[in-house]
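Data file: upload37.pdb. Format and content: PDB, C-alpha atoms.
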```
MODEL        1
ATOM      1  CA  MET A 230      86.603 -82.159 -84.253  1.00  0.00           C
ATOM      2  CA  LYS A 231      88.442 -82.135 -87.552  1.00  0.00           C
ATOM      3  CA  HIS A 232      90.224 -79.130 -89.062  1.00  0.00           C
ATOM      4  CA  VAL A 233      89.771 -79.362 -92.841  1.00  0.00           C
ATOM      5  CA  THR A 234      92.680 -77.747 -94.678  1.00  0.00           C
ATOM      6  CA  ILE A 235      92.616 -79.503 -98.072  1.00  0.00           C
ATOM      7  CA  THR A 236      90.063 -80.234-100.767  1.00  0.00           C
ATOM      8  CA  ALA A 237      89.865 -82.327-103.919  1.00  0.00           C
ATOM      9  CA  VAL A 238      90.262 -80.730-107.343  1.00  0.00           C
ATOM     10  CA  VAL A 239      89.413 -82.667-110.504  1.00  0.00           C
ATOM     11  CA  ASP A 240      91.342 -82.340-113.759  1.00  0.00           C
ATOM     12  CA  ARG A 241      88.411 -82.908-116.125  1.00  0.00           C
ATOM     13  CA  ASP A 242      90.767 -83.543-119.046  1.00  0.00           C
ATOM     14  CA  LEU A 243      92.194 -86.606-117.269  1.00  0.00           C
ATOM     15  CA  CYS A 244      88.923 -87.883-115.766  1.00  0.00           C
ATOM     16  CA  ILE A 245      87.387 -90.888-117.548  1.00  0.00           C
ATOM     17  CA  GLY A 246      84.170 -90.965-115.486  1.00  0.00           C
ATOM     18  CA  CYS A 247      84.831 -94.378-113.912  1.00  0.00           C
ATOM     19  CA  LYS A 248      82.908 -93.368-110.735  1.00  0.00           C
ATOM     20  CA  LEU A 249      85.458 -94.923-108.382  1.00  0.00           C
ATOM     21  CA  CYS A 250      85.787 -91.559-106.643  1.00  0.00           C
ATOM     22  CA  GLU A 251      82.026 -91.523-105.955  1.00  0.00           C
ATOM     23  CA  LYS A 252      82.186 -94.969-104.418  1.00  0.00           C
ATOM     24  CA  VAL A 253      85.005 -94.180-101.979  1.00  0.00           C
ATOM     25  CA  CYS A 254      83.894 -90.738-100.761  1.00  0.00           C
ATOM     26  CA  PRO A 255      82.589 -91.135 -97.191  1.00  0.00           C
ATOM     27  CA  VAL A 256      80.498 -87.960 -97.390  1.00  0.00           C
ATOM     28  CA  TYR A 257      79.259 -88.053-101.015  1.00  0.00           C
ATOM     29  CA  ALA A 258      81.113 -84.832-101.856  1.00  0.00           C
ATOM     30  CA  ILE A 259      82.174 -85.930-105.335  1.00  0.00           C
ATOM     31  CA  SER A 260      79.880 -87.008-108.133  1.00  0.00           C
ATOM     32  CA  VAL A 261      80.187 -88.027-111.766  1.00  0.00           C
ATOM     33  CA  THR A 262      77.890 -86.420-114.306  1.00  0.00           C
ATOM     34  CA  GLU A 263      78.311 -86.519-118.065  1.00  0.00           C
ATOM     35  CA  LYS A 264      81.298 -88.850-117.561  1.00  0.00           C
ATOM     36  CA  LYS A 265      83.286 -86.316-115.503  1.00  0.00           C
ATOM     37  CA  ALA A 266      83.842 -86.068-111.763  1.00  0.00           C
ATOM     38  CA  SER A 267      83.131 -82.817-109.948  1.00  0.00           C
ATOM     39  CA  LEU A 268      82.589 -81.391-106.495  1.00  0.00           C
ATOM     40  CA  PRO A 269      79.332 -79.411-106.754  1.00  0.00           C
ATOM     41  CA  ASP A 270      79.904 -78.004-103.249  1.00  0.00           C
ATOM     42  CA  ASP A 271      83.560 -78.149-102.233  1.00  0.00           C
ATOM     43  CA  HIS A 272      82.608 -77.510 -98.589  1.00  0.00           C
ATOM     44  CA  LYS A 273      81.230 -81.051 -98.490  1.00  0.00           C
ATOM     45  CA  CYS A 274      84.766 -82.343 -99.117  1.00  0.00           C
ATOM     46  CA  LEU A 275      86.414 -83.109 -95.786  1.00  0.00           C
ATOM     47  CA  GLY A 276      89.846 -83.778 -97.260  1.00  0.00           C
ATOM     48  CA  CYS A 277      90.133 -87.536 -96.751  1.00  0.00           C
ATOM     49  CA  ALA A 278      91.904 -87.969-100.128  1.00  0.00           C
ATOM     50  CA  ASN A 279      90.213 -91.302-100.847  1.00  0.00           C
ATOM     51  CA  CYS A 280      89.247 -90.089-104.304  1.00  0.00           C
ATOM     52  CA  ALA A 281      92.740 -88.868-105.159  1.00  0.00           C
ATOM     53  CA  ASP A 282      94.396 -91.992-103.763  1.00  0.00           C
ATOM     54  CA  ARG A 283      92.212 -94.321-105.806  1.00  0.00           C
ATOM     55  CA  CYS A 284      91.788 -92.470-109.107  1.00  0.00           C
ATOM     56  CA  PRO A 285      93.254 -94.714-111.829  1.00  0.00           C
ATOM     57  CA  ARG A 286      94.058 -91.706-114.052  1.00  0.00           C
ATOM     58  CA  TYR A 287      95.442 -89.406-111.312  1.00  0.00           C
ATOM     59  CA  ALA A 288      92.772 -86.902-112.280  1.00  0.00           C
ATOM     60  CA  ILE A 289      92.170 -85.766-108.698  1.00  0.00           C
ATOM     61  CA  LYS A 290      94.630 -83.783-106.620  1.00  0.00           C
ATOM     62  CA  MET A 291      94.348 -82.597-103.053  1.00  0.00           C
ATOM     63  CA  VAL A 292      95.099 -78.894-102.661  1.00  0.00           C
ATOM     64  CA  GLU A 293      95.244 -76.457 -99.752  1.00  0.00           C
ATOM     65  CA  ARG A 294      91.917 -74.766 -99.080  1.00  0.00           C
ATOM     66  CA  ASP A 295      91.675 -70.992 -99.191  1.00  0.00           C
ATOM     67  CA  ASP A 296      89.120 -71.223 -96.389  1.00  0.00           C
ATOM     68  CA  PRO A 297      89.934 -73.978 -93.855  1.00  0.00           C
ATOM     69  CA  PHE A 298      87.107 -74.911 -91.514  1.00  0.00           C
ATOM     70  CA  ASP A 299      86.300 -77.152 -88.557  1.00  0.00           C
ATOM     71  CA  VAL A 300      83.846 -80.035 -88.572  1.00  0.00           C
ATOM     72  CA  GLY A 301      82.390 -81.296 -85.326  1.00  0.00           C
ATOM     73  CA  VAL A 302      79.355 -81.487 -83.101  1.00  0.00           C
ATOM     74  CA  ASP A 303      79.067 -79.389 -79.940  1.00  0.00           C
ATOM     75  CA  VAL A 304      78.165 -82.080 -77.411  1.00  0.00           C
ATOM     76  CA  SER A 305      77.227 -79.502 -74.755  1.00  0.00           C
ATOM     77  CA  LYS A 306      74.100 -78.585 -76.729  1.00  0.00           C
ATOM     78  CA  PHE A 307      72.559 -82.029 -76.132  1.00  0.00           C
ATOM     79  CA  ASP A 308      71.131 -83.855 -73.132  1.00  0.00           C
ATOM     80  CA  SER A 309      74.103 -85.642 -71.551  1.00  0.00           C
ATOM     81  CA  GLU A 310      71.856 -88.430 -70.263  1.00  0.00           C
ATOM     82  CA  LYS A 311      70.550 -89.202 -73.760  1.00  0.00           C
ATOM     83  CA  ILE A 312      74.116 -89.186 -75.085  1.00  0.00           C
ATOM     84  CA  ARG A 313      75.196 -91.573 -72.338  1.00  0.00           C
ATOM     85  CA  GLU A 314      72.230 -93.880 -73.035  1.00  0.00           C
ATOM     86  CA  ILE A 315      73.067 -94.208 -76.737  1.00  0.00           C
ATOM     87  CA  CYS A 316      76.737 -94.813 -75.957  1.00  0.00           C
ATOM     88  CA  GLU A 317      75.992 -97.434 -73.326  1.00  0.00           C
ATOM     89  CA  LYS A 318      73.513 -99.208 -75.583  1.00  0.00           C
ATOM     90  CA  ALA A 319      76.308 -99.447 -78.192  1.00  0.00           C
ATOM     91  CA  HIS A 320      78.696-100.652 -75.432  1.00  0.00           C
ATOM     92  CA  PHE A 321      80.945 -97.580 -75.529  1.00  0.00           C
ATOM     93  CA  ASN A 322      82.055 -95.100 -72.909  1.00  0.00           C
ATOM     94  CA  SER A 323      80.862 -91.675 -74.040  1.00  0.00           C
ATOM     95  CA  GLU A 324      84.424 -90.314 -73.949  1.00  0.00           C
ATOM     96  CA  GLN A 325      85.838 -93.262 -75.881  1.00  0.00           C
ATOM     97  CA  VAL A 326      87.553 -92.412 -79.153  1.00  0.00           C
ATOM     98  CA  LEU A 327      85.847 -94.235 -82.035  1.00  0.00           C
ATOM     99  CA  CYS A 328      87.844 -92.717 -84.899  1.00  0.00           C
ATOM    100  CA  TYR A 329      91.534 -92.366 -84.099  1.00  0.00           C
ATOM    101  CA  CYS A 330      92.429 -90.601 -87.357  1.00  0.00           C
ATOM    102  CA  VAL A 331      90.178 -87.660 -86.536  1.00  0.00           C
ATOM    103  CA  GLY A 332      89.717 -88.137 -82.798  1.00  0.00           C
ATOM    104  CA  THR A 333      85.927 -88.450 -82.884  1.00  0.00           C
ATOM    105  CA  ARG A 334      84.494 -89.618 -79.572  1.00  0.00           C
ATOM    106  CA  ALA A 335      81.370 -91.697 -78.997  1.00  0.00           C
ATOM    107  CA  GLU A 336      79.616 -88.697 -77.428  1.00  0.00           C
ATOM    108  CA  GLU A 337      80.062 -86.700 -80.658  1.00  0.00           C
ATOM    109  CA  VAL A 338      78.502 -89.491 -82.702  1.00  0.00           C
ATOM    110  CA  ALA A 339      75.614 -89.729 -80.234  1.00  0.00           C
ATOM    111  CA  ALA A 340      75.109 -85.955 -80.463  1.00  0.00           C
ATOM    112  CA  ALA A 341      75.071 -86.172 -84.270  1.00  0.00           C
ATOM    113  CA  LEU A 342      72.460 -88.924 -84.040  1.00  0.00           C
ATOM    114  CA  LEU A 343      70.378 -86.839 -81.629  1.00  0.00           C
ATOM    115  CA  SER A 344      70.543 -83.914 -84.043  1.00  0.00           C
ATOM    116  CA  GLY A 345      69.007 -86.003 -86.833  1.00  0.00           C
ATOM    117  CA  ALA A 346      71.871 -87.840 -88.560  1.00  0.00           C
ATOM    118  CA  SER A 347      70.866 -91.396 -89.418  1.00  0.00           C
ATOM    119  CA  THR A 348      73.436 -92.702 -91.913  1.00  0.00           C
ATOM    120  CA  PRO A 349      77.216 -93.159 -91.785  1.00  0.00           C
ATOM    121  CA  GLU A 350      77.562 -90.467 -94.458  1.00  0.00           C
ATOM    122  CA  GLU A 351      75.554 -87.937 -92.440  1.00  0.00           C
ATOM    123  CA  ILE A 352      77.515 -88.709 -89.294  1.00  0.00           C
ATOM    124  CA  SER A 353      80.792 -88.383 -91.199  1.00  0.00           C
ATOM    125  CA  ALA A 354      79.738 -85.011 -92.604  1.00  0.00           C
ATOM    126  CA  MET A 355      78.875 -83.733 -89.119  1.00  0.00           C
ATOM    127  CA  THR A 356      81.769 -85.177 -87.118  1.00  0.00           C
ATOM    128  CA  GLY A 357      84.574 -85.836 -89.585  1.00  0.00           C
ATOM    129  CA  MET A 358      84.545 -89.518 -88.626  1.00  0.00           C
ATOM    130  CA  ARG A 359      85.625 -91.866 -91.480  1.00  0.00           C
ATOM    131  CA  THR A 360      87.581 -89.078 -93.191  1.00  0.00           C
ATOM    132  CA  GLY A 361      90.977 -90.357 -92.122  1.00  0.00           C
ATOM    133  CA  CYS A 362      91.726 -93.965 -93.026  1.00  0.00           C
ATOM    134  CA  THR A 363      87.941 -94.607 -93.475  1.00  0.00           C
ATOM    135  CA  ILE A 364      88.368 -98.251 -92.495  1.00  0.00           C
ATOM    136  CA  GLU A 365      88.746 -98.805 -88.763  1.00  0.00           C
ATOM    137  CA  CYS A 366      85.795 -96.777 -87.516  1.00  0.00           C
ATOM    138  CA  ILE A 367      82.900 -98.040 -89.619  1.00  0.00           C
ATOM    139  CA  GLN A 368      81.968-100.847 -87.205  1.00  0.00           C
ATOM    140  CA  PRO A 369      81.781 -98.602 -84.114  1.00  0.00           C
ATOM    141  CA  LEU A 370      79.824 -96.064 -86.157  1.00  0.00           C
ATOM    142  CA  LEU A 371      77.308 -98.709 -87.243  1.00  0.00           C
ATOM    143  CA  ARG A 372      76.945 -99.874 -83.625  1.00  0.00           C
ATOM    144  CA  MET A 373      76.109 -96.307 -82.619  1.00  0.00           C
ATOM    145  CA  VAL A 374      73.521 -95.977 -85.419  1.00  0.00           C
ATOM    146  CA  GLU A 375      71.911 -99.242 -84.357  1.00  0.00           C
ATOM    147  CA  ALA A 376      71.891 -98.168 -80.712  1.00  0.00           C
ATOM    148  CA  ALA A 377      70.127 -94.910 -81.566  1.00  0.00           C
TER     149      ALA A 377
ENDMDL
END
```
Will you turn the file into structure tokens for me?
Amino acid sequence: MKHVTITAVVDRDLCIGCKLCEKVCPVYAISVTEKKASLPDDHKCLGCANCADRCPRYAIKMVERDDPFDVGVDVSKFDSEKIREICEKAHFNSEQVLCYCVGTRAEEVAAALLSGASTPEEISAMTGMRTGCTIECIQPLLRMVEAA
């Protein structure tokens, strides 16, 4: 489970519409329309800061949220045998941590898959996975998607 305390804010005067922020957002929270980046729904932003870190014009800043929230999947609401089957098929222990930045376990990814997630972006939005460094956990995530 991830506790989201920050969000991206775009300075539209500095934004040049290069779309780099769109490309690096693991949950598709930011989009460029009419050559300006924006966050149509700031609750989609899980505070990874990829957009701010990579913006060539420093047009995006991360700021404290007024309304922090948690992102995660309640594993207890799903059939533990089905969770175990998906994890084993992907060659993971269900309690194994797949994303160290956020602490997402294989069982949480399996539960997200059982609840209808089918893409890395959907899984990230539900579990917070890939919203830390966004690099190390993509392969385990893809193995879990394939196993499901």
Next item on the list: Could you jot down the atom CA of Val239 of chain A to atom CA of Gly332 of chain A separation for me, Å, one decimal place?
Entry: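 Result for atom CA of Val239 of chain A versus atom CA of Gly332 of chain A: 28.2 Å, one decimal.
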Note to self: Given the PyMOL selection byres ((chain A and resi 313) around 12) and the file above, list the residues it selects as JSON, numbers by chain.
What the structure shows: {"A": [304, 307, 308, 309, 310, 311, 312, 314, 315, 316, 317, 318, 319, 320, 321, 322, 323, 324, 325, 334, 335, 336, 337, 338, 339, 340, 343, 373, 376, 377]}
Selection above as a file: C-alpha atoms, as a PDB file, in the coordinates of the input:
```pdb
ATOM      1  CA  VAL A 304      78.165 -82.080 -77.411  1.00  0.00           C
ATOM      2  CA  PHE A 307      72.559 -82.029 -76.132  1.00  0.00           C
ATOM      3  CA  ASP A 308      71.131 -83.855 -73.132  1.00  0.00           C
ATOM      4  CA  SER A 309      74.103 -85.642 -71.551  1.00  0.00           C
ATOM      5  CA  GLU A 310      71.856 -88.430 -70.263  1.00  0.00           C
ATOM      6  CA  LYS A 311      70.550 -89.202 -73.760  1.00  0.00           C
ATOM      7  CA  ILE A 312      74.116 -89.186 -75.085  1.00  0.00           C
ATOM      8  CA  GLU A 314      72.230 -93.880 -73.035  1.00  0.00           C
ATOM      9  CA  ILE A 315      73.067 -94.208 -76.737  1.00  0.00           C
ATOM     10  CA  CYS A 316      76.737 -94.813 -75.957  1.00  0.00           C
ATOM     11  CA  GLU A 317      75.992 -97.434 -73.326  1.00  0.00           C
ATOM     12  CA  LYS A 318      73.513 -99.208 -75.583  1.00  0.00           C
ATOM     13  CA  ALA A 319      76.308 -99.447 -78.192  1.00  0.00           C
ATOM     14  CA  HIS A 320      78.696-100.652 -75.432  1.00  0.00           C
ATOM     15  CA  PHE A 321      80.945 -97.580 -75.529  1.00  0.00           C
ATOM     16  CA  ASN A 322      82.055 -95.100 -72.909  1.00  0.00           C
ATOM     17  CA  SER A 323      80.862 -91.675 -74.040  1.00  0.00           C
ATOM     18  CA  GLU A 324      84.424 -90.314 -73.949  1.00  0.00           C
ATOM     19  CA  GLN A 325      85.838 -93.262 -75.881  1.00  0.00           C
ATOM     20  CA  ARG A 334      84.494 -89.618 -79.572  1.00  0.00           C
ATOM     21  CA  ALA A 335      81.370 -91.697 -78.997  1.00  0.00           C
ATOM     22  CA  GLU A 336      79.616 -88.697 -77.428  1.00  0.00           C
ATOM     23  CA  GLU A 337      80.062 -86.700 -80.658  1.00  0.00           C
ATOM     24  CA  VAL A 338      78.502 -89.491 -82.702  1.00  0.00           C
ATOM     25  CA  ALA A 339      75.614 -89.729 -80.234  1.00  0.00           C
ATOM     26  CA  ALA A 340      75.109 -85.955 -80.463  1.00  0.00           C
ATOM     27  CA  LEU A 343      70.378 -86.839 -81.629  1.00  0.00           C
ATOM     28  CA  MET A 373      76.109 -96.307 -82.619  1.00  0.00           C
ATOM     29  CA  ALA A 376      71.891 -98.168 -80.712  1.00  0.00           C
ATOM     30  CA  ALA A 377      70.127 -94.910 -81.566  1.00  0.00           C
TER      31      ALA A 377
END
```
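Using only C-alpha atoms, the smallest distance between any of A:Asp299, A:Glu263, A:Glu365, A:Glu375 and Cys244 of chain A comes from A:Glu263.
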What does the PyMOL selection byres ((chain A and resi 357) around 9) select in this file, as a compact mmCIF listing (two decimals) with C-alpha atoms, in the coordinates of the input?
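File produced: expr.txt:
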```
# COMPACT_ATOMS: atom_id res chain seq x y z
CA MET A 230 86.60 -82.16 -84.25
CA LYS A 231 88.44 -82.14 -87.55
CA HIS A 232 90.22 -79.13 -89.06
CA VAL A 233 89.77 -79.36 -92.84
CA LEU A 275 86.41 -83.11 -95.79
CA ASP A 299 86.30 -77.15 -88.56
CA VAL A 300 83.85 -80.04 -88.57
CA GLY A 301 82.39 -81.30 -85.33
CA CYS A 328 87.84 -92.72 -84.90
CA VAL A 331 90.18 -87.66 -86.54
CA GLY A 332 89.72 -88.14 -82.80
CA THR A 333 85.93 -88.45 -82.88
CA ILE A 352 77.52 -88.71 -89.29
CA SER A 353 80.79 -88.38 -91.20
CA ALA A 354 79.74 -85.01 -92.60
CA MET A 355 78.88 -83.73 -89.12
CA THR A 356 81.77 -85.18 -87.12
CA MET A 358 84.54 -89.52 -88.63
CA ARG A 359 85.62 -91.87 -91.48
CA THR A 360 87.58 -89.08 -93.19
CA GLY A 361 90.98 -90.36 -92.12
```
Next item on the list: Between atom CA of Val238 of chain A and atom CA of Val256 of chain A, measure the distance and give it in Å to one decimal.
Entry: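 Computing the Euclidean distance for atom CA of Val238 of chain A and atom CA of Val256 of chain A yields 15.7 Å.
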Check: Residues at most 7 Å from Ala281 of chain A, counting all atoms listed in the file, excluding those fewer than 6 positions away in the same chain, as a ChimeraX atom specification?
Finding: /A:287,289-291
So that each row is one residue of segment 275-337 of chain A with an atom at most 9 Å from segment 249-253 of chain A, can you give its shortest atom pair and the distance in Å to one decimal, using only C-alpha atoms, rows by chain and rising number, as a Markdown table?
```
| residue | atom | partner | partner_atom | distance |
| --- | --- | --- | --- | --- |
| A:Asn279 | CA | A:Val253 | CA | 6.1 |
| A:Cys280 | CA | A:Cys250 | CA | 4.4 |
| A:Ala281 | CA | A:Cys250 | CA | 7.6 |
| A:Arg283 | CA | A:Cys250 | CA | 7.0 |
| A:Cys284 | CA | A:Cys250 | CA | 6.6 |
| A:Pro285 | CA | A:Leu249 | CA | 8.5 |
| A:Ile289 | CA | A:Cys250 | CA | 8.9 |
```
Next item on the list: Would you mind reading off the distance between atom CA of Ala266 of chain A and atom CA of Thr234 of chain A, one decimal, in Å?
Entry: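 Here the two named atoms are 21.0 Å from each other.
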Next item on the list: Report the residues retrieved by the PyMOL selection byres ((chain A and resi 276) around 7) from the displayed file, expressed as a ChimeraX atom specification.
Entry: /A:233,235-237,274-275,277-278
Next item on the list: Point out the residue among A:Asp295, A:Asp303, A:Asp242, A:Asp282 with the least atom-to-atom distance to Cys254 of chain A, counting all atoms listed in the file.
Entry: A:Asp282
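Counting only C-alpha atoms, the residue from A:Leu370, A:Ile245, A:Val326, A:Val261 that sits nearest to Glu350 of chain A is A:Leu370.
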Would you compute an axis-aligned box for segment 346-354 of chain A, covering every atom listed for it in the file with 5 Å of margin on each side, and report centre and edge lengths in Å to one decimal as AutoDock Vina command-line options?
```
--center_x 75.8 --center_y -89.1 --center_z -91.5 --size_x 19.9 --size_y 18.1 --size_z 15.9
```
Should you be able to, write segment 294-320 of chain A of this structure into a file that contains N, CA, C and O atoms, as a short mmCIF file (atom, residue, chain, number, x, y, z; two decimals), in the first residue's frame.
```cif
data_model
loop_
_atom_site.label_atom_id
_atom_site.label_comp_id
_atom_site.auth_asym_id
_atom_site.auth_seq_id
_atom_site.Cartn_x
_atom_site.Cartn_y
_atom_site.Cartn_z
N ARG A 294 -0.08 17.39 -1.02
CA ARG A 294 -1.52 17.29 -1.27
C ARG A 294 -2.29 17.82 -0.07
O ARG A 294 -1.86 17.65 1.06
N ASP A 295 -3.42 18.42 -0.33
CA ASP A 295 -4.32 18.82 0.75
C ASP A 295 -5.07 17.61 1.30
O ASP A 295 -5.53 17.63 2.44
N ASP A 296 -5.16 16.57 0.47
CA ASP A 296 -5.96 15.40 0.81
C ASP A 296 -5.19 14.11 0.53
O ASP A 296 -5.51 13.39 -0.41
N PRO A 297 -4.18 13.79 1.35
CA PRO A 297 -3.42 12.54 1.12
C PRO A 297 -4.36 11.34 1.12
O PRO A 297 -5.42 11.35 1.75
N PHE A 298 -3.95 10.29 0.40
CA PHE A 298 -4.77 9.09 0.34
C PHE A 298 -3.88 7.86 0.17
O PHE A 298 -2.71 7.98 -0.14
N ASP A 299 -4.47 6.70 0.42
CA ASP A 299 -3.76 5.43 0.28
C ASP A 299 -4.19 4.73 -0.99
O ASP A 299 -5.36 4.80 -1.38
N VAL A 300 -3.24 4.05 -1.62
CA VAL A 300 -3.51 3.25 -2.80
C VAL A 300 -3.09 1.83 -2.49
O VAL A 300 -1.97 1.60 -2.02
N GLY A 301 -3.96 0.89 -2.73
CA GLY A 301 -3.64 -0.51 -2.48
C GLY A 301 -4.84 -1.39 -2.75
O GLY A 301 -5.95 -0.90 -2.92
N VAL A 302 -4.59 -2.67 -2.76
CA VAL A 302 -5.66 -3.65 -3.00
C VAL A 302 -5.80 -4.50 -1.75
O VAL A 302 -4.81 -5.00 -1.22
N ASP A 303 -7.02 -4.65 -1.26
CA ASP A 303 -7.28 -5.48 -0.09
C ASP A 303 -7.30 -6.94 -0.53
O ASP A 303 -8.29 -7.42 -1.09
N VAL A 304 -6.21 -7.62 -0.28
CA VAL A 304 -6.03 -9.01 -0.72
C VAL A 304 -7.06 -9.94 -0.08
O VAL A 304 -7.47 -10.93 -0.70
N SER A 305 -7.52 -9.62 1.11
CA SER A 305 -8.46 -10.50 1.82
C SER A 305 -9.81 -10.63 1.12
O SER A 305 -10.58 -11.54 1.43
N LYS A 306 -10.10 -9.76 0.18
CA LYS A 306 -11.37 -9.81 -0.54
C LYS A 306 -11.35 -10.78 -1.72
O LYS A 306 -12.34 -10.90 -2.44
N PHE A 307 -10.22 -11.46 -1.93
CA PHE A 307 -10.07 -12.34 -3.09
C PHE A 307 -9.74 -13.75 -2.64
O PHE A 307 -9.23 -13.97 -1.55
N ASP A 308 -10.05 -14.70 -3.49
CA ASP A 308 -9.79 -16.12 -3.23
C ASP A 308 -8.27 -16.34 -3.12
O ASP A 308 -7.54 -16.13 -4.09
N SER A 309 -7.83 -16.75 -1.94
CA SER A 309 -6.39 -16.91 -1.69
C SER A 309 -5.77 -17.99 -2.59
O SER A 309 -4.60 -17.89 -2.97
N GLU A 310 -6.56 -18.98 -2.97
CA GLU A 310 -6.05 -20.03 -3.85
C GLU A 310 -5.78 -19.48 -5.26
O GLU A 310 -4.77 -19.80 -5.88
N LYS A 311 -6.68 -18.65 -5.75
CA LYS A 311 -6.49 -18.04 -7.07
C LYS A 311 -5.28 -17.09 -7.06
O LYS A 311 -4.53 -17.03 -8.02
N ILE A 312 -5.12 -16.37 -5.97
CA ILE A 312 -3.96 -15.48 -5.83
C ILE A 312 -2.68 -16.31 -5.86
O ILE A 312 -1.74 -16.00 -6.58
N ARG A 313 -2.66 -17.38 -5.09
CA ARG A 313 -1.49 -18.25 -5.03
C ARG A 313 -1.18 -18.85 -6.40
O ARG A 313 -0.02 -18.91 -6.82
N GLU A 314 -2.21 -19.26 -7.13
CA GLU A 314 -2.02 -19.85 -8.46
C GLU A 314 -1.36 -18.87 -9.43
O GLU A 314 -0.43 -19.24 -10.16
N ILE A 315 -1.83 -17.64 -9.45
CA ILE A 315 -1.23 -16.63 -10.34
C ILE A 315 0.22 -16.39 -9.95
O ILE A 315 1.11 -16.34 -10.81
N CYS A 316 0.46 -16.25 -8.66
CA CYS A 316 1.83 -16.00 -8.18
C CYS A 316 2.76 -17.16 -8.54
O CYS A 316 3.88 -16.93 -9.02
N GLU A 317 2.32 -18.36 -8.31
CA GLU A 317 3.15 -19.52 -8.62
C GLU A 317 3.41 -19.65 -10.12
O GLU A 317 4.51 -19.99 -10.53
N LYS A 318 2.41 -19.36 -10.92
CA LYS A 318 2.58 -19.43 -12.36
C LYS A 318 3.63 -18.42 -12.84
O LYS A 318 4.36 -18.67 -13.80
N ALA A 319 3.72 -17.28 -12.12
CA ALA A 319 4.72 -16.26 -12.45
C ALA A 319 6.05 -16.52 -11.73
O ALA A 319 6.99 -15.75 -11.87
N HIS A 320 6.11 -17.61 -10.97
CA HIS A 320 7.31 -18.01 -10.22
C HIS A 320 7.65 -17.04 -9.09
O HIS A 320 8.81 -16.70 -8.87
#
```
